[in-house]
Each structure stands twice: as structure tokens, then as C-alpha cells.
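Q: The structure's right below; bear with me while I get my questions together.
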Amino acid sequence: MADASFRFHGVLHDFLPRQHRGVAFTHACARAASLKNAIEALGVPHTEVGRLTVNGARATLQRIVREGDAVEVFAKGEELGSDPIFLADAHLGGLARFLRMLGFDTLHDHAFADRDIRRLAHEERRIVLSRDRELLKCREIARGCYVHALKAEAQLREVAERYGLAARARPFTRCLRCNFELRPVAKAEIEDALPPKVRETQERFVRCEGCGRIYWPGSHYARMRAALGDLLGA
């Protein structure tokens, strides 16, 4: 065993019991435990951890905890690089739909077991969105986000802020049903599949490359676009 001092900062407080929030506290770590092991034993998934210091020096999650170490743990701040791709677990269907509506590649299937999520996260380097702390502790999940909010609208605001989604959004470019990209299609090609009123009033259409579903900018389009803007604060 090694007794070390830990202090967590920012939103990481939400994972801790009240008596450990905002203060340094001592924790008995298992023999030869890494910082990842110790931090996750305290309830914080490694996907939420950003900068780490031990005795004032920068450290990694792989460092072994030693007797008397003073560990400072800071929340992760995501760097803006290429557009993020997501995998939302079974309980975040509403969030997945919102993200697809904004044009972000987001896998979601109620049939996904944890092993499927771990495999896809590892193989495709997807950001796993979940409210399951234990899932986010899995080593196969290098990138993840614990979603604190309970309602889909608040969840979208939370994820959008963390990953800077407002500036990257391409609304209505991805199928809400199957996540494939939408491509323009000539009206003449799909005219027979359109409801009579749509055939009379609409001229612009897109079609899903996966399931073949057809979309057009009906009366709901402006309302949905405005609602998304409100949710993103954009």
C-alpha cells in the first residue's frame, strides 16, 4: 500500500463524495497502482482526466503511485482538431439524434453491448458518450465523455461546449435513422416515392446513402434549425 494525497479540480468534483470536493485528501492506493488505477478507484474515469501533476511535476496516467505523493488532477479540455466522431451508448438515443441532426457521425444502437462499444471505440477511435462510469474506465476506450445532464437538450449543450461543435455543425447532412451521409438527388429520380403534396411543393431533395430515406426542407426544417441554434447558443 502507498498513502498519497489527491486533489481534484473543476467538474471532476462531481464524481467525488462531498467531503473530498475542493480539498486535498489522503487515499491508500493498492501496491504498484498506477495513477489511472488510483484515480478510477476514487470514481473518476480516465476519459475525464486532463493534466496531472505529482509533487508539482507533470505526470502521466501510467506513473506508479509512491508513498507520500501529492497528486493534482485537472479536468480534460478537448483540443479542437478534426471533426469528432461519436458513439452514444444505449441510454443516449436522444443525444445521438441531435448530434446526427447537426451532421456529426454518431453511432447508436440499443443492441450494442459493452463489448461492442469497447471494440468500436478502439477500432474506430470514437468518442464514447455515456453516463456509465465503469464503461468509461475500460482501457480500450481512449476517448470518452461522461455526460452529466439527464435530458437530451442539456446533454447536447454539454457535449457541444466540450467539443466546440457550434463552429463545426453541418445541419441536416446526415441520416437521423442510420447515420449515413445525405446526398442531393434529382426530383425525377424519386418522384414516384413522394407524397402528392410534397411532389407539388418541393424541388430540393437529399437521399440517405444507407437506408434510402428521402428528406426535403419542409415546414419543420426552419423550426428544427432554429431550435438547434438555441440549444447551441449559436
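We label chains A, B, ... in the order they appear in the C-alpha cells, count residues from 1 in each chain, and number ligands from 1 in the order shown.
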Name all residues at most 7 Å from Val54 (chain A) (count only C-alpha atoms; drop same-chain ones fewer than 6 positions away) and give them as an MDAnalysis selection string.

A: chainID A and resid 69:72

Q: As a list in words, please: all residues of region 61-191 of chain A that backbone DSSP puts in strand (DSSP E or B).

A: Ile64, Ala70, Val71, Glu72, Val73, Phe74, Ala75, Phe86, Leu87, Ala88, Thr106, Leu107, Ile127, Val128, Leu129, Ser130, Gly144, Cys145, Tyr146, Arg174, Glu181, Leu182, Arg183 and Pro184 of chain A

Q: If you keep C-alpha atoms, can you produce a file of those selected residues as an mmCIF file, in the first residue's frame?

A:
data_model
loop_
_atom_site.group_PDB
_atom_site.id
_atom_site.type_symbol
_atom_site.label_atom_id
_atom_site.label_comp_id
_atom_site.auth_asym_id
_atom_site.auth_seq_id
_atom_site.Cartn_x
_atom_site.Cartn_y
_atom_site.Cartn_z
ATOM 1 C CA ILE A 64 3.140 4.333 -10.330
ATOM 2 C CA ALA A 70 0.904 14.747 -3.766
ATOM 3 C CA VAL A 71 -1.317 14.303 -6.821
ATOM 4 C CA GLU A 72 -3.272 17.107 -8.528
ATOM 5 C CA VAL A 73 -5.885 16.053 -11.091
ATOM 6 C CA PHE A 74 -7.398 18.519 -13.570
ATOM 7 C CA ALA A 75 -10.397 18.095 -15.859
ATOM 8 C CA PHE A 86 -19.062 9.716 -31.534
ATOM 9 C CA LEU A 87 -20.566 6.531 -30.170
ATOM 10 C CA ALA A 88 -23.542 7.098 -27.862
ATOM 11 C CA THR A 106 -22.676 9.249 -34.289
ATOM 12 C CA LEU A 107 -23.153 5.512 -33.843
ATOM 13 C CA ILE A 127 -15.511 9.277 -28.543
ATOM 14 C CA VAL A 128 -17.782 7.231 -26.287
ATOM 15 C CA LEU A 129 -20.643 9.229 -24.766
ATOM 16 C CA SER A 130 -22.050 7.589 -21.669
ATOM 17 C CA GLY A 144 -14.787 9.338 -23.911
ATOM 18 C CA CYS A 145 -17.107 11.805 -22.271
ATOM 19 C CA TYR A 146 -19.166 11.299 -19.152
ATOM 20 C CA ARG A 174 -26.640 13.023 -42.084
ATOM 21 C CA GLU A 181 -24.414 10.921 -45.160
ATOM 22 C CA LEU A 182 -27.167 12.509 -47.257
ATOM 23 C CA ARG A 183 -26.589 13.266 -50.949
ATOM 24 C CA PRO A 184 -28.582 15.505 -53.309
#

Q: For Ala28 (chain A), find every residue with an atom within 12 Å (counting only C-alpha atoms), except residues of its own chain fewer than 2 positions away, and show them as a PyMOL selection string.

A: chain A and resi 1-6+25-26+30-33+37-39+41-42+65-69

Q: As a VMD selection string, please: every residue in region 22-222 of chain A that DSSP puts in alpha helix (DSSP H).

A: chain A and resid 35 to 41 93 to 101 114 to 124 133 to 136 152 to 163 187 to 190 196 to 201 219 to 222

Q: Between CA of Arg63 (chain A) and CA of His13 (chain A), what distance in Å does the model show, to one decimal?

A: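 Separating CA of Arg63 (chain A) from CA of His13 (chain A) is a distance of 22.2 Å.
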